[in-house]
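Data file: final_23.cif. Format and content: mmCIF, N, CA and C atoms.
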```
data_coords
#
loop_
_atom_site.label_atom_id
_atom_site.label_comp_id
_atom_site.auth_asym_id
_atom_site.auth_seq_id
_atom_site.Cartn_x
_atom_site.Cartn_y
_atom_site.Cartn_z
N MET A 150 97.19 143.45 124.13
CA MET A 150 97.46 142.10 124.60
C MET A 150 98.60 142.15 125.61
N ALA A 151 98.42 141.45 126.72
CA ALA A 151 99.47 141.39 127.75
C ALA A 151 100.66 140.60 127.22
N THR A 152 101.85 140.95 127.69
CA THR A 152 103.05 140.26 127.23
C THR A 152 103.48 139.15 128.18
N ARG A 153 102.80 139.04 129.34
CA ARG A 153 103.07 137.94 130.26
C ARG A 153 101.89 137.78 131.20
N SER A 154 101.80 136.60 131.78
CA SER A 154 100.70 136.31 132.69
C SER A 154 101.02 136.83 134.09
N GLU A 155 100.03 136.75 134.94
CA GLU A 155 100.25 137.02 136.36
C GLU A 155 101.20 135.95 136.91
N THR A 156 101.80 136.20 138.04
CA THR A 156 102.78 135.28 138.62
C THR A 156 102.14 133.95 139.02
N PHE A 157 100.98 133.99 139.68
CA PHE A 157 100.32 132.77 140.13
C PHE A 157 99.04 132.55 139.34
N GLN A 158 98.76 131.29 139.04
CA GLN A 158 97.56 130.92 138.29
C GLN A 158 96.72 129.99 139.17
N ILE A 159 95.51 130.40 139.50
CA ILE A 159 94.60 129.61 140.32
C ILE A 159 93.55 129.01 139.39
N ALA A 160 93.54 127.69 139.27
CA ALA A 160 92.75 127.00 138.24
C ALA A 160 91.30 127.43 138.19
N ASP A 161 90.64 127.53 139.34
CA ASP A 161 89.21 127.86 139.31
C ASP A 161 88.94 129.34 139.05
N GLN A 162 90.01 130.12 138.88
CA GLN A 162 89.85 131.53 138.54
C GLN A 162 90.27 131.85 137.10
N ILE A 163 90.76 130.83 136.39
CA ILE A 163 91.23 131.04 135.02
C ILE A 163 90.08 130.77 134.05
N PRO A 164 89.74 131.73 133.21
CA PRO A 164 88.67 131.48 132.25
C PRO A 164 89.07 130.36 131.29
N ALA A 165 88.10 129.55 130.93
CA ALA A 165 88.33 128.45 129.98
C ALA A 165 87.70 128.81 128.64
N THR A 166 88.36 128.39 127.57
CA THR A 166 87.79 128.52 126.24
C THR A 166 87.47 127.12 125.73
N ASN A 167 86.67 127.05 124.70
CA ASN A 167 86.27 125.77 124.11
C ASN A 167 86.73 125.71 122.66
N PRO A 168 87.94 125.18 122.43
CA PRO A 168 88.45 125.13 121.07
C PRO A 168 87.77 124.09 120.18
N GLY A 169 86.98 123.20 120.78
CA GLY A 169 86.26 122.18 120.01
C GLY A 169 85.30 121.46 120.91
N PRO A 170 84.39 120.67 120.35
CA PRO A 170 83.43 119.92 121.17
C PRO A 170 84.13 119.00 122.15
N GLY A 171 83.75 119.10 123.43
CA GLY A 171 84.31 118.24 124.46
C GLY A 171 85.70 118.61 124.92
N ILE A 172 86.15 119.83 124.57
CA ILE A 172 87.50 120.28 124.91
C ILE A 172 87.43 121.64 125.58
N THR A 173 88.16 121.80 126.69
CA THR A 173 88.32 123.11 127.30
C THR A 173 89.81 123.39 127.47
N ARG A 174 90.14 124.68 127.39
CA ARG A 174 91.55 125.09 127.44
C ARG A 174 91.70 126.23 128.44
N GLN A 175 92.73 126.12 129.31
CA GLN A 175 93.07 127.18 130.25
C GLN A 175 94.55 127.51 130.10
N ILE A 176 94.87 128.77 130.00
CA ILE A 176 96.26 129.22 129.92
C ILE A 176 96.78 129.34 131.35
N MET A 177 97.82 128.57 131.65
CA MET A 177 98.34 128.48 133.01
C MET A 177 99.53 129.40 133.29
N GLY A 178 100.08 130.01 132.25
CA GLY A 178 101.17 130.95 132.44
C GLY A 178 101.90 131.17 131.13
N TYR A 179 102.45 132.36 130.93
CA TYR A 179 103.16 132.65 129.69
C TYR A 179 103.98 133.93 129.78
N ASP A 180 104.94 134.01 128.88
CA ASP A 180 105.59 135.26 128.51
C ASP A 180 105.86 135.14 127.02
N GLY A 181 106.62 136.02 126.44
CA GLY A 181 106.84 135.98 125.00
C GLY A 181 107.52 134.73 124.49
N GLN A 182 108.27 134.06 125.35
CA GLN A 182 109.06 132.90 124.92
C GLN A 182 108.45 131.55 125.29
N LEU A 183 107.47 131.52 126.17
CA LEU A 183 106.98 130.25 126.71
C LEU A 183 105.51 130.37 127.08
N MET A 184 104.77 129.28 126.89
CA MET A 184 103.37 129.23 127.33
C MET A 184 103.06 127.81 127.78
N ILE A 185 102.32 127.68 128.88
CA ILE A 185 101.84 126.39 129.36
C ILE A 185 100.32 126.45 129.40
N VAL A 186 99.69 125.39 128.87
CA VAL A 186 98.24 125.37 128.68
C VAL A 186 97.69 124.02 129.16
N LYS A 187 96.63 124.07 129.95
CA LYS A 187 95.94 122.84 130.39
C LYS A 187 94.74 122.62 129.47
N VAL A 188 94.71 121.45 128.82
CA VAL A 188 93.64 121.14 127.89
C VAL A 188 92.91 119.89 128.41
N THR A 189 91.62 120.05 128.70
CA THR A 189 90.81 118.96 129.25
C THR A 189 89.92 118.40 128.14
N PHE A 190 89.93 117.07 128.01
CA PHE A 190 89.18 116.38 126.96
C PHE A 190 88.16 115.43 127.55
N GLU A 191 86.96 115.43 126.99
CA GLU A 191 85.99 114.38 127.27
C GLU A 191 86.31 113.19 126.37
N LYS A 192 85.90 112.00 126.79
CA LYS A 192 86.11 110.82 125.97
C LYS A 192 85.49 111.04 124.59
N GLY A 193 86.23 110.71 123.55
CA GLY A 193 85.76 110.86 122.18
C GLY A 193 86.04 112.20 121.54
N ALA A 194 86.47 113.18 122.33
CA ALA A 194 86.78 114.51 121.77
C ALA A 194 87.99 114.40 120.84
N VAL A 195 87.99 115.23 119.81
CA VAL A 195 89.03 115.18 118.79
C VAL A 195 89.76 116.51 118.72
N GLY A 196 91.07 116.45 118.89
CA GLY A 196 91.93 117.59 118.61
C GLY A 196 92.30 117.47 117.14
N THR A 197 91.64 118.23 116.28
CA THR A 197 91.80 118.08 114.84
C THR A 197 93.25 118.30 114.41
N ILE A 198 93.65 117.64 113.33
CA ILE A 198 95.00 117.79 112.79
C ILE A 198 95.23 119.26 112.44
N HIS A 199 96.32 119.79 112.93
CA HIS A 199 96.68 121.19 112.67
C HIS A 199 98.19 121.32 112.74
N GLU A 200 98.68 122.49 112.42
CA GLU A 200 100.11 122.77 112.53
C GLU A 200 100.30 124.22 112.89
N HIS A 201 101.45 124.53 113.47
CA HIS A 201 101.80 125.90 113.85
C HIS A 201 103.31 126.01 113.90
N TYR A 202 103.81 127.22 113.89
CA TYR A 202 105.26 127.44 113.84
C TYR A 202 105.94 127.28 115.20
N HIS A 203 105.19 127.04 116.25
CA HIS A 203 105.73 126.91 117.60
C HIS A 203 106.29 125.50 117.83
N SER A 204 107.33 125.38 118.63
CA SER A 204 107.73 124.08 119.18
C SER A 204 106.73 123.74 120.27
N GLN A 205 106.40 122.45 120.40
CA GLN A 205 105.43 122.03 121.41
C GLN A 205 105.93 120.76 122.10
N ALA A 206 105.85 120.74 123.41
CA ALA A 206 106.09 119.54 124.20
C ALA A 206 104.88 119.38 125.11
N THR A 207 104.36 118.15 125.20
CA THR A 207 103.12 117.92 125.94
C THR A 207 103.28 116.75 126.90
N TYR A 208 102.70 116.91 128.09
CA TYR A 208 102.67 115.88 129.12
C TYR A 208 101.23 115.40 129.26
N VAL A 209 101.03 114.08 129.25
CA VAL A 209 99.70 113.50 129.45
C VAL A 209 99.49 113.38 130.97
N ALA A 210 98.72 114.31 131.54
CA ALA A 210 98.50 114.34 132.98
C ALA A 210 97.52 113.25 133.42
N SER A 211 96.54 112.96 132.56
CA SER A 211 95.58 111.90 132.87
C SER A 211 94.90 111.47 131.57
N GLY A 212 94.26 110.31 131.59
CA GLY A 212 93.52 109.84 130.45
C GLY A 212 94.35 109.02 129.48
N LYS A 213 93.78 108.80 128.30
CA LYS A 213 94.40 108.00 127.25
C LYS A 213 94.09 108.66 125.92
N PHE A 214 95.11 108.85 125.08
CA PHE A 214 94.98 109.58 123.83
C PHE A 214 95.67 108.84 122.69
N GLU A 215 95.03 108.85 121.52
CA GLU A 215 95.70 108.39 120.32
C GLU A 215 96.24 109.63 119.61
N LEU A 216 97.56 109.73 119.52
CA LEU A 216 98.22 110.88 118.92
C LEU A 216 98.64 110.57 117.50
N THR A 217 98.48 111.56 116.64
CA THR A 217 99.04 111.51 115.30
C THR A 217 99.99 112.68 115.18
N ILE A 218 101.25 112.38 114.87
CA ILE A 218 102.26 113.42 114.67
C ILE A 218 102.97 113.08 113.36
N GLY A 219 102.79 113.94 112.36
CA GLY A 219 103.32 113.63 111.03
C GLY A 219 102.65 112.36 110.53
N ASP A 220 103.43 111.35 110.16
CA ASP A 220 102.87 110.10 109.67
C ASP A 220 102.91 108.99 110.73
N LYS A 221 103.13 109.38 112.00
CA LYS A 221 103.22 108.40 113.09
C LYS A 221 101.99 108.48 113.99
N LYS A 222 101.51 107.31 114.46
CA LYS A 222 100.41 107.24 115.41
C LYS A 222 100.86 106.42 116.61
N MET A 223 100.41 106.85 117.81
CA MET A 223 100.73 106.11 119.02
C MET A 223 99.68 106.42 120.08
N VAL A 224 99.37 105.43 120.89
CA VAL A 224 98.47 105.63 122.02
C VAL A 224 99.33 105.95 123.24
N LEU A 225 98.99 107.06 123.91
CA LEU A 225 99.72 107.50 125.09
C LEU A 225 98.78 107.52 126.30
N ASN A 226 99.34 107.20 127.45
CA ASN A 226 98.61 107.15 128.72
C ASN A 226 99.17 108.19 129.68
N ALA A 227 98.49 108.35 130.82
CA ALA A 227 98.95 109.26 131.87
C ALA A 227 100.42 108.98 132.18
N GLY A 228 101.21 110.04 132.27
CA GLY A 228 102.63 109.93 132.55
C GLY A 228 103.50 109.97 131.31
N ASP A 229 102.90 109.79 130.12
CA ASP A 229 103.65 109.84 128.86
C ASP A 229 103.74 111.29 128.37
N GLY A 230 104.52 111.49 127.34
CA GLY A 230 104.65 112.81 126.75
C GLY A 230 105.03 112.72 125.29
N TYR A 231 105.03 113.87 124.62
CA TYR A 231 105.43 113.90 123.22
C TYR A 231 105.93 115.29 122.84
N TYR A 232 106.66 115.33 121.72
CA TYR A 232 107.23 116.57 121.18
C TYR A 232 106.72 116.74 119.76
N VAL A 233 106.39 117.97 119.40
CA VAL A 233 105.97 118.31 118.04
C VAL A 233 106.89 119.41 117.53
N ALA A 234 107.58 119.13 116.43
CA ALA A 234 108.46 120.13 115.82
C ALA A 234 107.62 121.22 115.15
N PRO A 235 108.18 122.42 114.98
CA PRO A 235 107.46 123.48 114.29
C PRO A 235 106.95 123.03 112.92
N ASP A 236 105.74 123.43 112.60
CA ASP A 236 105.09 123.17 111.30
C ASP A 236 104.80 121.70 111.02
N GLU A 237 104.84 120.85 112.04
CA GLU A 237 104.53 119.43 111.84
C GLU A 237 103.04 119.20 112.14
N PRO A 238 102.30 118.59 111.19
CA PRO A 238 100.88 118.32 111.44
C PRO A 238 100.72 117.34 112.60
N HIS A 239 99.74 117.62 113.46
CA HIS A 239 99.49 116.76 114.61
C HIS A 239 98.06 116.94 115.11
N GLY A 240 97.58 115.94 115.83
CA GLY A 240 96.25 115.97 116.41
C GLY A 240 96.06 114.75 117.29
N CYS A 241 94.88 114.64 117.92
CA CYS A 241 94.65 113.52 118.82
C CYS A 241 93.17 113.17 118.89
N VAL A 242 92.92 111.95 119.37
CA VAL A 242 91.58 111.49 119.72
C VAL A 242 91.66 111.05 121.17
N CYS A 243 90.74 111.52 121.99
CA CYS A 243 90.73 111.16 123.41
C CYS A 243 90.00 109.82 123.57
N LEU A 244 90.73 108.80 124.03
CA LEU A 244 90.17 107.46 124.21
C LEU A 244 89.57 107.27 125.60
N GLU A 245 90.14 107.95 126.60
CA GLU A 245 89.62 107.99 127.96
C GLU A 245 89.78 109.42 128.45
N ALA A 246 88.72 110.00 129.01
CA ALA A 246 88.75 111.41 129.43
C ALA A 246 90.06 111.73 130.13
N GLY A 247 90.61 112.90 129.82
CA GLY A 247 91.89 113.24 130.41
C GLY A 247 92.32 114.67 130.18
N ILE A 248 93.54 114.94 130.60
CA ILE A 248 94.11 116.28 130.55
C ILE A 248 95.50 116.22 129.92
N LEU A 249 95.74 117.12 128.97
CA LEU A 249 97.07 117.32 128.39
C LEU A 249 97.62 118.65 128.88
N ILE A 250 98.89 118.67 129.22
CA ILE A 250 99.57 119.90 129.60
C ILE A 250 100.51 120.24 128.45
N ASP A 251 100.12 121.23 127.65
CA ASP A 251 100.88 121.66 126.48
C ASP A 251 101.83 122.79 126.87
N THR A 252 103.04 122.73 126.34
CA THR A 252 103.96 123.86 126.45
C THR A 252 104.35 124.27 125.04
N PHE A 253 104.45 125.57 124.84
CA PHE A 253 104.77 126.12 123.52
C PHE A 253 105.89 127.13 123.64
N SER A 254 106.74 127.16 122.62
CA SER A 254 107.76 128.19 122.51
C SER A 254 107.84 128.59 121.04
N PRO A 255 107.71 129.90 120.75
CA PRO A 255 107.30 130.95 121.67
C PRO A 255 105.82 130.79 122.05
N MET A 256 105.33 131.72 122.86
CA MET A 256 103.93 131.64 123.30
C MET A 256 102.98 131.66 122.10
N ARG A 257 101.78 131.14 122.32
CA ARG A 257 100.73 131.14 121.30
C ARG A 257 99.91 132.42 121.45
N ALA A 258 100.32 133.48 120.76
CA ALA A 258 99.59 134.74 120.83
C ALA A 258 98.15 134.57 120.37
N ASP A 259 97.90 133.62 119.45
CA ASP A 259 96.54 133.39 118.96
C ASP A 259 95.61 132.88 120.08
N PHE A 260 96.15 132.30 121.13
CA PHE A 260 95.33 131.82 122.25
C PHE A 260 94.87 132.98 123.14
N LEU A 261 95.47 134.13 123.01
CA LEU A 261 95.16 135.27 123.88
C LEU A 261 94.12 136.20 123.30
N LYS A 262 93.66 135.94 122.09
CA LYS A 262 92.69 136.83 121.43
C LYS A 262 91.29 136.55 121.89
#
```
With the file now loaded, output its structure as structure tokens.
Amino acid sequence: MATRSETFQIADQIPATNPGPGITRQIMGYDGQLMIVKVTFEKGAVGTIHEHYHSQATYVASGKFELTIGDKKMVLNAGDGYYVAPDEPHGCVCLEAGILIDTFSPMRADFLK
């Protein structure tokens, strides 16, 4: 497994994975301490509730999402963002097709397998 990404990331050259129905994920850059990931959602797609030991901060680049973080729910639109503490359960429902830009620290080694 590589310990860091190439310097430049060209979107149409980055392979996408499908972590769930209506969802695609592209890794936009990483090293051992940081990872940025573009996640594209179709309307109605569900990011199932999950948790991980990484800190996560996410920017809503486009669309509309209902987020659940711990016991809190909120609808977020393009331009909004959120933070998820390590080991906190979280997930989302895409209300209008859109893109989330996730950042993780440390990197998500499980995304590179």
Inset, instruction - Might you pull out every residue within 7 Å of A:His199, with only C-alpha atoms counted and same-chain residues fewer than 2 positions away left off, and present them as a PyMOL selection string? - result: chain A and resi 197+238-240
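Between atom CA of A:Gly169 and atom CA of A:Glu191 lies a distance of 10.7 Å.
Nearest residue to A:Ala194 among A:Ile163, A:Cys243, A:Leu225, A:Ile250 is A:Cys243, counting all atoms listed in the file.
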Inset, instruction - as a PyMOL selection string, list the residues of chain A assigned to helix (DSSP H, G or I) by DSSP on the backbone atoms of this structure. - result: chain A and resi 160-162+258-261
Inset, instruction - Determine, counting only N, CA and C atoms, which protein, DNA and RNA residues have an atom within 6.5 Å of an atom of A:Gly212; residues of the same chain fewer than 4 positions away are not included. Present the result as a PyMOL selection string. - result: chain A and resi 225-227+244-248
Would you export the selected residues with N, CA and C atoms as a PDB file, keeping the file's coordinate frame, please?
```pdb
ATOM      1  N   LEU A 225      98.990 107.060 123.910  1.00  0.00           N
ATOM      2  CA  LEU A 225      99.720 107.500 125.090  1.00  0.00           C
ATOM      3  C   LEU A 225      98.780 107.520 126.300  1.00  0.00           C
ATOM      4  N   ASN A 226      99.340 107.200 127.450  1.00  0.00           N
ATOM      5  CA  ASN A 226      98.610 107.150 128.720  1.00  0.00           C
ATOM      6  C   ASN A 226      99.170 108.190 129.680  1.00  0.00           C
ATOM      7  N   ALA A 227      98.490 108.350 130.820  1.00  0.00           N
ATOM      8  CA  ALA A 227      98.950 109.260 131.870  1.00  0.00           C
ATOM      9  C   ALA A 227     100.420 108.980 132.180  1.00  0.00           C
ATOM     10  N   LEU A 244      90.730 108.800 124.030  1.00  0.00           N
ATOM     11  CA  LEU A 244      90.170 107.460 124.210  1.00  0.00           C
ATOM     12  C   LEU A 244      89.570 107.270 125.600  1.00  0.00           C
ATOM     13  N   GLU A 245      90.140 107.950 126.600  1.00  0.00           N
ATOM     14  CA  GLU A 245      89.620 107.990 127.960  1.00  0.00           C
ATOM     15  C   GLU A 245      89.780 109.420 128.450  1.00  0.00           C
ATOM     16  N   ALA A 246      88.720 110.000 129.010  1.00  0.00           N
ATOM     17  CA  ALA A 246      88.750 111.410 129.430  1.00  0.00           C
ATOM     18  C   ALA A 246      90.060 111.730 130.130  1.00  0.00           C
ATOM     19  N   GLY A 247      90.610 112.900 129.820  1.00  0.00           N
ATOM     20  CA  GLY A 247      91.890 113.240 130.410  1.00  0.00           C
ATOM     21  C   GLY A 247      92.320 114.670 130.180  1.00  0.00           C
ATOM     22  N   ILE A 248      93.540 114.940 130.600  1.00  0.00           N
ATOM     23  CA  ILE A 248      94.110 116.280 130.550  1.00  0.00           C
ATOM     24  C   ILE A 248      95.500 116.220 129.920  1.00  0.00           C
TER      25      ILE A 248
END
```
